[in-house]
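Peer 1: File name final_34.csv; file contents CSV, C-alpha atoms and all ligand atoms; full text below.
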chain,number,residue,atom,x,y,z
A,11,MET,CA,-7.3,35.6,1.2
A,12,ARG,CA,-7.1,37.9,-1.8
A,13,VAL,CA,-6.1,36.2,-5.1
A,14,LEU,CA,-4.2,38.1,-7.8
A,15,ALA,CA,-3.4,36.8,-11.3
A,16,ILE,CA,-0.6,38.2,-13.4
A,17,ALA,CA,-1.6,37.4,-16.9
A,18,SER,CA,-0.8,38.1,-20.6
A,19,GLN,CA,-0.8,35.8,-23.5
A,20,LYS,CA,2.6,37.1,-24.6
A,21,GLY,CA,5.8,35.4,-23.3
A,22,GLY,CA,8.8,37.4,-22.0
A,23,VAL,CA,6.8,40.5,-20.9
A,24,GLY,CA,7.7,39.8,-17.2
A,25,LYS,CA,4.8,37.9,-15.8
A,26,THR,CA,7.1,35.7,-13.7
A,27,ALA,CA,9.4,38.5,-12.6
A,28,THR,CA,6.4,40.6,-11.6
A,29,THR,CA,4.7,37.7,-9.8
A,30,VAL,CA,7.7,36.8,-7.6
A,31,ASN,CA,8.6,40.4,-6.9
A,32,LEU,CA,5.0,41.5,-6.0
A,33,ALA,CA,4.6,38.4,-3.8
A,34,ALA,CA,7.9,38.9,-2.0
A,35,GLY,CA,7.1,42.6,-1.7
A,36,LEU,CA,3.8,41.7,0.0
A,37,ALA,CA,5.6,39.3,2.3
A,38,LEU,CA,8.1,42.0,3.2
A,39,MET,CA,5.1,44.3,4.1
A,40,GLY,CA,3.9,41.6,6.6
A,41,SER,CA,1.4,39.7,4.6
A,42,ARG,CA,1.3,35.9,4.4
A,43,VAL,CA,1.7,35.1,0.8
A,44,VAL,CA,1.7,32.1,-1.5
A,45,VAL,CA,3.1,32.2,-5.1
A,46,VAL,CA,1.0,29.9,-7.3
A,47,ASP,CA,3.1,28.7,-10.2
A,48,LEU,CA,0.8,27.6,-13.0
A,49,ASP,CA,3.4,27.6,-15.8
A,50,PRO,CA,4.7,24.2,-16.8
A,51,GLN,CA,8.1,26.0,-17.4
A,52,ALA,CA,8.2,26.5,-13.6
A,53,GLN,CA,10.2,29.7,-13.8
A,54,ALA,CA,8.6,31.2,-10.7
A,55,SER,CA,9.4,28.0,-8.7
A,56,LYS,CA,13.1,28.2,-9.9
A,57,ALA,CA,13.2,32.0,-9.1
A,58,LEU,CA,12.3,30.9,-5.5
A,59,GLY,CA,14.9,28.2,-5.4
A,60,ILE,CA,12.7,25.1,-6.2
A,61,ARG,CA,13.3,22.8,-9.1
A,62,LEU,CA,11.1,19.7,-8.8
A,63,GLU,CA,12.7,16.5,-10.3
A,64,GLY,CA,12.9,12.8,-9.5
A,65,GLY,CA,11.0,12.0,-6.3
A,66,THR,CA,10.1,15.5,-5.5
A,67,ILE,CA,7.8,15.7,-8.6
A,68,GLN,CA,5.0,14.5,-6.4
A,69,ASN,CA,5.0,18.0,-4.8
A,70,SER,CA,4.1,19.7,-8.0
A,71,LEU,CA,0.9,21.7,-8.1
A,72,GLY,CA,0.3,19.9,-11.4
A,73,PHE,CA,-0.1,16.7,-9.4
A,74,ALA,CA,-2.7,18.3,-7.1
A,75,LEU,CA,-4.6,19.6,-10.2
A,76,GLN,CA,-4.5,16.2,-11.9
A,77,ALA,CA,-5.9,14.5,-8.8
A,78,ALA,CA,-8.6,17.2,-8.3
A,79,VAL,CA,-9.7,17.1,-11.9
A,80,GLN,CA,-10.2,13.3,-11.5
A,81,SER,CA,-12.3,14.0,-8.5
A,82,VAL,CA,-9.7,12.5,-6.1
A,83,PRO,CA,-10.0,14.4,-2.7
A,84,THR,CA,-7.0,16.7,-2.6
A,85,ASP,CA,-5.5,18.5,0.3
A,86,LEU,CA,-3.7,21.4,-1.2
A,87,ARG,CA,-1.9,22.3,2.0
A,88,ARG,CA,0.2,19.2,1.5
A,89,TYR,CA,1.7,20.8,-1.6
A,90,VAL,CA,2.5,24.2,-0.1
A,91,MET,CA,6.3,24.8,0.4
A,92,ASP,CA,7.6,27.3,2.9
A,93,ARG,CA,10.1,29.6,1.1
A,94,SER,CA,10.3,32.1,3.9
A,95,GLU,CA,14.0,31.2,4.4
A,96,ILE,CA,14.7,33.4,1.3
A,97,LEU,CA,13.6,36.4,3.3
A,98,THR,CA,15.6,35.4,6.4
A,99,LYS,CA,18.7,34.7,4.4
A,100,TRP,CA,18.6,38.4,3.3
A,101,GLY,CA,17.9,39.7,6.8
A,102,ALA,CA,14.2,40.2,6.3
A,103,GLU,CA,11.1,38.6,7.9
A,104,GLY,CA,7.9,37.3,6.4
A,105,THR,CA,5.8,34.4,5.2
A,106,LEU,CA,6.4,33.4,1.6
A,107,MET,CA,5.0,30.1,0.4
A,108,LEU,CA,5.1,28.4,-3.0
A,109,LEU,CA,2.9,26.0,-4.9
A,110,ALA,CA,5.6,24.8,-7.3
A,111,SER,CA,5.2,23.6,-10.9
A,112,GLU,CA,7.0,21.0,-12.9
A,113,ASP,CA,6.7,20.5,-16.7
A,114,ALA,CA,5.3,17.0,-17.1
A,115,THR,CA,2.8,17.1,-14.3
A,116,MET,CA,1.5,20.6,-15.1
A,117,SER,CA,1.3,19.8,-18.8
A,118,ASN,CA,-0.7,16.7,-18.0
A,119,ALA,CA,-3.0,18.6,-15.7
A,120,GLN,CA,-3.5,21.1,-18.5
A,121,HIS,CA,-4.4,18.3,-20.9
A,122,LEU,CA,-6.9,16.9,-18.4
A,123,LEU,CA,-8.4,20.3,-17.7
A,124,HIS,CA,-8.7,21.0,-21.4
A,125,THR,CA,-11.0,18.0,-21.9
A,126,ALA,CA,-12.9,18.5,-18.6
A,127,GLY,CA,-16.4,19.9,-18.5
A,128,PRO,CA,-17.5,23.4,-17.4
A,129,ASP,CA,-18.0,22.1,-13.9
A,130,LYS,CA,-14.2,22.0,-13.5
A,131,ALA,CA,-13.8,25.7,-14.4
A,132,THR,CA,-13.4,26.7,-10.8
A,133,LEU,CA,-11.2,23.8,-9.8
A,134,LEU,CA,-8.2,25.9,-8.7
A,135,ARG,CA,-10.5,28.4,-7.1
A,136,GLY,CA,-11.9,25.6,-4.9
A,137,LEU,CA,-8.5,24.3,-4.0
A,138,LEU,CA,-7.1,27.7,-3.0
A,139,THR,CA,-10.0,28.2,-0.6
A,140,GLN,CA,-8.3,25.5,1.5
A,141,LEU,CA,-5.5,28.1,2.2
A,142,ALA,CA,-7.9,31.0,2.9
A,143,ASP,CA,-7.5,30.9,6.7
A,144,ASP,CA,-3.8,30.7,6.8
A,145,LEU,CA,-2.7,33.2,4.1
A,146,ASP,CA,-3.5,36.8,3.1
A,147,PHE,CA,-2.5,36.8,-0.6
A,148,ALA,CA,-2.1,34.3,-3.4
A,149,VAL,CA,-0.2,35.6,-6.5
A,150,ILE,CA,-0.7,33.4,-9.6
A,151,ASP,CA,2.0,33.2,-12.3
A,152,THR,CA,0.4,32.1,-15.6
A,153,PRO,CA,1.7,30.5,-18.8
A,154,PRO,CA,1.9,32.6,-21.9
A,155,SER,CA,-1.0,31.0,-23.8
A,156,VAL,CA,-4.7,30.9,-24.1
A,157,GLY,CA,-5.8,27.7,-22.6
A,158,ALA,CA,-7.0,25.7,-19.6
A,159,LEU,CA,-4.3,26.9,-17.2
A,160,PRO,CA,-4.7,30.7,-17.6
A,161,ALA,CA,-8.5,30.1,-17.6
A,162,GLN,CA,-8.1,28.4,-14.2
A,163,ALA,CA,-6.0,31.3,-12.9
A,164,LEU,CA,-8.5,33.9,-13.9
A,165,ALA,CA,-11.4,31.9,-12.5
A,166,ALA,CA,-9.5,31.6,-9.2
A,167,SER,CA,-8.8,35.3,-9.0
A,168,ASP,CA,-10.3,38.3,-7.3
A,169,TYR,CA,-8.0,40.6,-9.2
A,170,ALA,CA,-6.1,40.4,-12.5
A,171,ILE,CA,-3.1,42.5,-13.6
A,172,GLY,CA,-2.0,42.8,-17.2
A,173,LEU,CA,1.5,43.5,-18.4
A,174,CYS,CA,3.2,45.2,-21.3
A,175,SER,CA,6.9,45.7,-22.0
A,176,HIS,CA,8.7,48.2,-24.2
A,177,GLU,CA,7.9,46.1,-27.3
A,178,TYR,CA,4.8,46.9,-29.3
A,179,GLN,CA,3.6,43.3,-29.7
A,180,THR,CA,3.1,43.0,-26.0
A,181,LEU,CA,0.0,45.2,-26.2
A,182,GLU,CA,-2.0,42.5,-28.0
A,183,GLY,CA,-1.4,40.0,-25.2
A,184,ALA,CA,-2.6,42.5,-22.6
A,185,VAL,CA,-5.6,43.4,-24.6
A,186,ALA,CA,-6.5,39.8,-25.2
A,187,MET,CA,-6.2,39.0,-21.4
A,188,LYS,CA,-8.5,41.9,-20.5
A,189,ALA,CA,-11.1,40.7,-23.1
A,190,THR,CA,-10.9,37.1,-21.7
A,191,LEU,CA,-11.8,38.4,-18.3
A,192,ARG,CA,-15.3,39.4,-19.5
A,193,TYR,CA,-16.1,35.7,-20.1
A,194,VAL,CA,-14.8,34.4,-16.7
A,195,THR,CA,-17.9,35.4,-14.8
A,196,GLN,CA,-20.1,33.8,-17.5
A,197,ARG,CA,-18.1,30.6,-17.7
A,198,THR,CA,-18.0,30.1,-14.0
A,199,GLY,CA,-21.7,30.7,-13.6
A,200,GLY,CA,-20.9,33.8,-11.5
A,201,ALA,CA,-18.6,32.0,-9.0
A,202,ALA,CA,-15.7,34.2,-10.2
A,203,ASP,CA,-15.8,37.9,-11.0
A,204,PRO,CA,-12.2,39.1,-11.1
A,205,LEU,CA,-11.6,42.8,-11.1
A,206,TYR,CA,-9.2,44.1,-13.7
A,207,LEU,CA,-6.7,46.3,-11.9
A,208,GLY,CA,-4.9,47.7,-14.9
A,209,ALA,CA,-1.7,47.0,-16.8
A,210,VAL,CA,1.9,47.4,-15.7
A,211,LEU,CA,4.6,48.6,-18.0
A,212,ASN,CA,7.6,46.5,-17.4
A,213,LYS,CA,11.2,46.8,-18.8
A,214,CYS,CA,10.6,50.4,-19.6
A,215,ASN,CA,13.1,53.3,-19.8
A,216,PRO,CA,13.4,56.9,-18.6
A,217,VAL,CA,12.0,59.4,-21.0
A,218,SER,CA,15.5,60.3,-22.3
A,219,LYS,CA,15.9,56.8,-23.6
A,220,TRP,CA,12.4,56.3,-25.2
A,221,LYS,CA,12.5,54.9,-28.7
A,222,ARG,CA,9.5,54.9,-31.1
A,223,GLN,CA,8.3,51.5,-29.9
A,224,GLU,CA,8.1,52.6,-26.2
A,225,VAL,CA,6.2,55.7,-27.2
A,226,ASP,CA,3.8,53.6,-29.2
A,227,VAL,CA,3.3,51.1,-26.4
A,228,ARG,CA,2.7,53.9,-23.8
A,229,ASN,CA,0.1,55.6,-26.1
A,230,GLY,CA,-1.4,52.2,-27.1
A,231,MET,CA,-1.9,51.2,-23.4
A,232,VAL,CA,-4.1,54.2,-22.8
A,233,GLU,CA,-5.9,54.1,-26.1
A,234,ALA,CA,-6.7,50.4,-25.8
A,235,GLY,CA,-8.3,51.0,-22.4
A,236,LEU,CA,-5.7,49.0,-20.5
A,237,LEU,CA,-5.8,51.5,-17.6
A,238,PRO,CA,-2.0,51.6,-17.2
A,239,LEU,CA,-0.7,52.1,-13.7
A,240,ILE,CA,1.4,55.1,-12.9
A,241,SER,CA,4.1,52.9,-11.2
A,242,GLU,CA,6.2,51.3,-13.9
A,243,ILE,CA,9.1,48.9,-13.7
A,244,ARG,CA,12.3,49.9,-15.4
A,245,ALA,CA,14.5,47.5,-17.4
A,246,ASP,CA,17.0,46.6,-14.7
A,247,ASP,CA,19.7,43.9,-14.7
A,248,ARG,CA,19.2,43.5,-10.9
A,249,ILE,CA,15.7,42.1,-11.8
A,250,SER,CA,16.8,39.6,-14.4
A,251,GLY,CA,20.0,38.8,-12.4
A,252,SER,CA,18.1,37.9,-9.3
A,253,TYR,CA,17.0,34.6,-10.9
A,254,ALA,CA,20.5,33.2,-10.5
A,255,SER,CA,20.6,34.0,-6.8
A,256,GLN,CA,17.1,32.7,-6.2
A,257,ALA,CA,15.8,35.7,-4.3
A,258,PRO,CA,13.5,38.2,-5.9
A,259,ALA,CA,15.0,41.7,-6.6
A,260,VAL,CA,12.7,43.3,-4.0
A,261,ILE,CA,14.4,41.2,-1.3
A,262,GLN,CA,17.9,41.8,-2.4
A,263,PHE,CA,17.5,45.4,-3.4
A,264,GLY,CA,14.7,46.5,-1.2
A,265,ASN,CA,16.2,49.9,-0.5
A,266,HIS,CA,17.3,50.5,-4.1
A,267,GLU,CA,15.3,51.3,-7.3
A,268,PRO,CA,13.8,47.8,-7.9
A,269,GLY,CA,12.5,47.5,-4.3
A,270,LYS,CA,11.1,51.1,-4.3
A,271,ARG,CA,9.4,50.7,-7.7
A,272,TYR,CA,7.7,47.4,-6.7
A,273,ALA,CA,6.7,48.9,-3.4
A,274,ALA,CA,5.1,51.9,-5.2
A,275,LEU,CA,3.3,49.5,-7.5
A,276,LEU,CA,1.9,47.6,-4.6
A,277,GLN,CA,0.6,50.8,-3.0
A,278,GLU,CA,-1.1,51.8,-6.2
A,279,LEU,CA,-2.6,48.4,-6.6
A,280,PHE,CA,-4.0,48.6,-3.0
A,281,VAL,CA,-5.6,52.0,-3.9
A,282,ARG,CA,-7.2,50.5,-7.0
A,283,MET,CA,-8.5,47.6,-5.1
A,284,ASP,CA,-10.3,49.9,-2.7
A,285,THR,CA,-11.6,52.7,-5.0
A,286,PRO,CA,-14.0,52.6,-7.9
A,287,GLU,CA,-12.4,52.5,-11.4
A,288,ALA,CA,-13.8,56.0,-12.2
A,289,GLU,CA,-11.4,57.4,-9.5
A,290,TRP,CA,-8.3,55.6,-10.6
A,291,GLU,CA,-5.3,57.7,-11.7
A,292,ILE,CA,-4.3,56.4,-15.1
A,293,ALA,CA,-0.8,56.8,-16.5
A,294,PRO,CA,-0.8,59.5,-19.2
A,295,THR,CA,0.1,58.7,-22.9
A,296,ALA,CA,3.7,59.2,-24.0
A,297,ASP,CA,2.4,62.0,-26.2
A,298,ALA,CA,0.9,63.8,-23.2
A,299,GLN,CA,4.1,63.2,-21.1
A,300,LEU,CA,6.3,64.6,-23.9
A,301,ALA,CA,4.0,67.6,-24.3
A,302,ALA,CA,4.1,68.3,-20.6
A,303,LEU,CA,7.9,68.1,-20.6
A,304,GLU,CA,8.1,70.5,-23.6
A,305,THR,CA,5.8,73.0,-21.8
A,306,ARG,CA,8.0,72.8,-18.6
A,307,ARG,CA,11.1,73.4,-20.8
A,308,GLU,CA,9.6,76.4,-22.4
A,309,LYS,CA,8.6,77.9,-19.1
A,310,ALA,CA,12.1,77.3,-17.8
A,311,VAL,CA,13.6,79.1,-20.8
A,312,ILE,CA,11.2,82.1,-20.3
A,313,SER,CA,12.0,82.4,-16.6
A,314,VAL,CA,15.8,82.4,-17.3
B,1,LIG,N1,12.2,44.9,-15.3
B,1,LIG,C1,13.0,44.0,-15.9
B,1,LIG,N2,14.3,44.3,-16.1
B,1,LIG,C2,15.2,43.5,-16.7
B,1,LIG,N3,14.9,42.2,-17.0
B,1,LIG,C3,13.6,41.8,-16.8
B,1,LIG,C4,12.6,42.6,-16.2
B,1,LIG,N4,11.5,41.9,-16.1
B,1,LIG,C5,11.7,40.7,-16.6
B,1,LIG,N5,13.0,40.6,-17.0
B,1,LIG,C6,13.7,39.5,-17.7
B,1,LIG,O1,13.0,39.2,-18.9
B,1,LIG,C7,12.9,37.8,-19.1
B,1,LIG,C8,11.4,37.5,-19.3
B,1,LIG,O2,10.8,37.8,-18.1
B,1,LIG,P1,9.7,36.8,-17.4
B,1,LIG,O3,9.3,37.4,-16.1
B,1,LIG,O4,10.3,35.4,-17.4
B,1,LIG,O5,8.6,36.9,-18.5
B,1,LIG,P2,7.3,36.0,-18.7
B,1,LIG,O6,7.0,35.3,-17.4
B,1,LIG,O7,6.2,37.0,-19.1
B,1,LIG,O8,7.6,35.1,-19.8
B,1,LIG,C9,13.6,37.1,-18.0
B,1,LIG,O9,14.9,36.8,-18.3
B,1,LIG,C10,13.5,38.2,-16.9
B,1,LIG,O10,14.6,38.0,-15.9
B,2,MG,MG,6.8,33.3,-17.0
Would you mind giving the structure from this file in structure tokens?
Peer 2:
Amino acid sequence: MRVLAIASQKGGVGKTATTVNLAAGLALMGSRVVVVDLDPQAQASKALGIRLEGGTIQNSLGFALQAAVQSVPTDLRRYVMDRSEILTKWGAEGTLMLLASEDATMSNAQHLLHTAGPDKATLLRGLLTQLADDLDFAVIDTPPSVGALPAQALAASDYAIGLCSHEYQTLEGAVAMKATLRYVTQRTGGAADPLYLGAVLNKCNPVSKWKRQEVDVRNGMVEAGLLPLISEIRADDRISGSYASQAPAVIQFGNHEPGKRYAALLQELFVRMDTPEAEWEIAPTADAQLAALETRREKAVISV
């Protein structure tokens, strides 16, 4: 099983939207996938139609983490919920599982983890290995903070993906996440060595609609060494709107722009997983893209 974390310390960049869409995209391609919701706000769970309350709170991943941190033997498989019906409902097939979150239980787990010793750094990693034989991918949604839960996510991961959106402040969160990655190996005594796969630009616009901030973010992503992916995700109401219908946009709009863009992103991520960083194709800066556009326009004028 390959474990991917979607992380950034900034909220609202699209971690949850990216997590559920990449996970559902992988499921549509035939992989057996689990979404791991590590955010107490439980948005990924809600996006997949699960809201834990009352008696169902005992199904929260937060509960499993609490037990495990207190060294209670924990069978993670008991917490996995099958959400494949979301695919069938939209006429698709696949295996899409969920480890759901809930506010109180996950916050409590976070607190316990925060005070736990370094021997607990790979707690989630250990738990996820219980699913390794049954699933191909785990995609982890992380909370927008620096703390015990994102640290668990990165320590459990084979790959980490950063995120920026069209707003300049989002750069900082992506840079901080990449910097944190360096310490994961050290903190876990070498048990974890997640590979940074690059940063995705989310909620972006076609070049005709670029404003100053988007130009600055695009330039900044390259200049800060975030290794931006060529495949970007446009601002699209079908992506935000899909929360209400509890089926990720890739499922509902598989043959439309959102589906195609997430599919292209997955293909690019697969290439990066299998080739050395020196060979990765990096998205150009906005300045380079605008200059190339200008040159093409000039050539077109001359040939007319
Ligand atoms: N590409 C997109 N186009 C339009 N809306 C988006 C897109 N990505 C995310 N959103 C919306 O932006 C808001 C924040 O996204 P979310 O994934 O919850 O961010 P995070 O998990 O990083 O806090 C949500 O309302 C979500 O639906
Ligand atoms: Mg989120």
Peer 1: Which residues, written as a ChimeraX atom specification, have at least one atom at most 7 Å from segment 114-117 of chain A, with only C-alpha atoms counted and residues fewer than 4 positions away on the same chain left out?
Peer 2: /A:50,70,72-73,121
Peer 1: Using all atoms listed in the file, can you tell me which of A:Ala302, A:Ile261, A:Ile171, A:Ala254 comes closest to Asn31 of chain A?
Peer 2: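 Closest to Asn31 of chain A, using all atoms listed in the file: A:Ile261.
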Peer 1: Find the residues with any atom within 12 Å of (8.9, 59.2, -15.8); use all atoms listed in the file and the coordinates as given in the file, and write the answer as a list in words.
Peer 2: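 The answer, in the requested form, is Leu211, Cys214, Asn215, Pro216, Val217, Ser218, Lys219, Trp220, Arg228, Ile240, Ser241, Glu242, Ile243, Arg244, Arg271, Ala293, Pro294, Thr295, Ala296, Ala298, Gln299, Leu300, Ala302 and Leu303 of chain A.
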Peer 1: Create the file for the chosen residues now, containing C-alpha atoms and written as a PDB file, in the frame of the given file.
Peer 2:
ATOM      1  CA  LEU A 211       4.600  48.600 -18.000  1.00  0.00           C
ATOM      2  CA  CYS A 214      10.600  50.400 -19.600  1.00  0.00           C
ATOM      3  CA  ASN A 215      13.100  53.300 -19.800  1.00  0.00           C
ATOM      4  CA  PRO A 216      13.400  56.900 -18.600  1.00  0.00           C
ATOM      5  CA  VAL A 217      12.000  59.400 -21.000  1.00  0.00           C
ATOM      6  CA  SER A 218      15.500  60.300 -22.300  1.00  0.00           C
ATOM      7  CA  LYS A 219      15.900  56.800 -23.600  1.00  0.00           C
ATOM      8  CA  TRP A 220      12.400  56.300 -25.200  1.00  0.00           C
ATOM      9  CA  ARG A 228       2.700  53.900 -23.800  1.00  0.00           C
ATOM     10  CA  ILE A 240       1.400  55.100 -12.900  1.00  0.00           C
ATOM     11  CA  SER A 241       4.100  52.900 -11.200  1.00  0.00           C
ATOM     12  CA  GLU A 242       6.200  51.300 -13.900  1.00  0.00           C
ATOM     13  CA  ILE A 243       9.100  48.900 -13.700  1.00  0.00           C
ATOM     14  CA  ARG A 244      12.300  49.900 -15.400  1.00  0.00           C
ATOM     15  CA  ARG A 271       9.400  50.700  -7.700  1.00  0.00           C
ATOM     16  CA  ALA A 293      -0.800  56.800 -16.500  1.00  0.00           C
ATOM     17  CA  PRO A 294      -0.800  59.500 -19.200  1.00  0.00           C
ATOM     18  CA  THR A 295       0.100  58.700 -22.900  1.00  0.00           C
ATOM     19  CA  ALA A 296       3.700  59.200 -24.000  1.00  0.00           C
ATOM     20  CA  ALA A 298       0.900  63.800 -23.200  1.00  0.00           C
ATOM     21  CA  GLN A 299       4.100  63.200 -21.100  1.00  0.00           C
ATOM     22  CA  LEU A 300       6.300  64.600 -23.900  1.00  0.00           C
ATOM     23  CA  ALA A 302       4.100  68.300 -20.600  1.00  0.00           C
ATOM     24  CA  LEU A 303       7.900  68.100 -20.600  1.00  0.00           C
TER      25      LEU A 303
END
Peer 1: With only C-alpha atoms as the basis for distance, which of A:Ala257, A:Asp226, A:Gly157, A:Ser81 is at the shortest distance from Leu58 of chain A?
Peer 2: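 Closest candidate: A:Ala257.
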Peer 1: Go through the chains and note each residue within 7 Å of ligand LIG 1 (chain B), using all atoms listed in the file, then give the set as a ChimeraX atom specification.
Peer 2: /A:20-28,53,154,212-213,243-247,249-251,253
Peer 1: Which residues are near segment 129-136 of chain A? Cut-off 10 Å, all atoms listed in the file, ignore same chain within fewer than 4 positions. Put them as a PDB file with C-alpha atoms, keeping the file's coordinate frame.
Peer 2:
ATOM      1  CA  VAL A  13      -6.100  36.200  -5.100  1.00  0.00           C
ATOM      2  CA  ALA A  74      -2.700  18.300  -7.100  1.00  0.00           C
ATOM      3  CA  LEU A  75      -4.600  19.600 -10.200  1.00  0.00           C
ATOM      4  CA  ALA A  78      -8.600  17.200  -8.300  1.00  0.00           C
ATOM      5  CA  VAL A  79      -9.700  17.100 -11.900  1.00  0.00           C
ATOM      6  CA  GLN A  80     -10.200  13.300 -11.500  1.00  0.00           C
ATOM      7  CA  SER A  81     -12.300  14.000  -8.500  1.00  0.00           C
ATOM      8  CA  LEU A  86      -3.700  21.400  -1.200  1.00  0.00           C
ATOM      9  CA  LEU A 123      -8.400  20.300 -17.700  1.00  0.00           C
ATOM     10  CA  HIS A 124      -8.700  21.000 -21.400  1.00  0.00           C
ATOM     11  CA  THR A 125     -11.000  18.000 -21.900  1.00  0.00           C
ATOM     12  CA  GLN A 140      -8.300  25.500   1.500  1.00  0.00           C
ATOM     13  CA  LEU A 141      -5.500  28.100   2.200  1.00  0.00           C
ATOM     14  CA  ALA A 158      -7.000  25.700 -19.600  1.00  0.00           C
ATOM     15  CA  LEU A 159      -4.300  26.900 -17.200  1.00  0.00           C
ATOM     16  CA  ALA A 161      -8.500  30.100 -17.600  1.00  0.00           C
ATOM     17  CA  GLN A 162      -8.100  28.400 -14.200  1.00  0.00           C
ATOM     18  CA  ALA A 163      -6.000  31.300 -12.900  1.00  0.00           C
ATOM     19  CA  LEU A 164      -8.500  33.900 -13.900  1.00  0.00           C
ATOM     20  CA  ALA A 165     -11.400  31.900 -12.500  1.00  0.00           C
ATOM     21  CA  ALA A 166      -9.500  31.600  -9.200  1.00  0.00           C
ATOM     22  CA  SER A 167      -8.800  35.300  -9.000  1.00  0.00           C
ATOM     23  CA  ASP A 168     -10.300  38.300  -7.300  1.00  0.00           C
ATOM     24  CA  VAL A 194     -14.800  34.400 -16.700  1.00  0.00           C
ATOM     25  CA  ARG A 197     -18.100  30.600 -17.700  1.00  0.00           C
ATOM     26  CA  THR A 198     -18.000  30.100 -14.000  1.00  0.00           C
ATOM     27  CA  GLY A 199     -21.700  30.700 -13.600  1.00  0.00           C
ATOM     28  CA  ALA A 201     -18.600  32.000  -9.000  1.00  0.00           C
ATOM     29  CA  ALA A 202     -15.700  34.200 -10.200  1.00  0.00           C
TER      30      ALA A 202
END
Peer 1: I'd like the neighbourhood of Glu291 of chain A as a VMD selection string, where a residue qualifies if any of its atoms comes within 12 Å (using only C-alpha atoms), though same-chain residues fewer than 4 positions away should be ignored.
Peer 2: chain A and resid 207 to 208 232 237 to 241 278 to 279 281 to 282 285 to 287
Peer 1: Quick one: of A:Met231, A:Phe263, A:Ile150, A:Val30, who's nearest to Ala184 of chain A, counting all atoms listed in the file?
Peer 2: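 Using all atoms listed in the file, the shortest distance to Ala184 of chain A belongs to A:Met231.
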Peer 1: For atom CA of Pro258 of chain A and atom CA of Ala17 of chain A, determine how far apart the two atoms are, in Å to one decimal place.
Peer 2: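 It comes out at 18.7 Å.
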Peer 1: So, with all atoms listed in the file as the atoms that count, which of A:Leu173, A:Met11, A:Ala34, A:Ile312 lies closest to Leu236 of chain A?
Peer 2: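 Of the candidates, the smallest distance to Leu236 of chain A is held by A:Leu173.
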Peer 1: To one decimal place, how far is atom CA of Asp144 of chain A from atom CA of Val43 of chain A in Å?
Peer 2: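 Atom-to-atom, atom CA of Asp144 of chain A and atom CA of Val43 of chain A are spaced 9.3 Å apart.
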Peer 1: As a PyMOL selection string, please: the residues near Ala54 of chain A (cut-off 9 Å, only C-alpha atoms, same-chain neighbours under 4 positions excluded).
Peer 2: chain A and resi 26-27+29-30+45-49+58-60+108+110-111+151
Peer 1: Restricting the calculation to all atoms listed in the file: of A:Phe147, A:Tyr193, A:Tyr169, A:Phe280, which residue gets closest to Tyr206 of chain A?
Peer 2: A:Tyr169
Peer 1: Do you know which residues are at most 10 Å from Leu38 of chain A counting all atoms listed in the file, after dropping those on the same chain fewer than 6 positions away, and could you put them as a compact mmCIF listing (two decimals) with C-alpha atoms, in the frame of the given file?
Peer 2:
# COMPACT_ATOMS: atom_id res chain seq x y z
CA LEU A 32 5.00 41.50 -6.00
CA LEU A 97 13.60 36.40 3.30
CA ALA A 102 14.20 40.20 6.30
CA GLU A 103 11.10 38.60 7.90
CA GLY A 104 7.90 37.30 6.40
CA THR A 105 5.80 34.40 5.20
CA LEU A 106 6.40 33.40 1.60
CA VAL A 260 12.70 43.30 -4.00
CA ILE A 261 14.40 41.20 -1.30
CA GLY A 264 14.70 46.50 -1.20
CA ALA A 273 6.70 48.90 -3.40
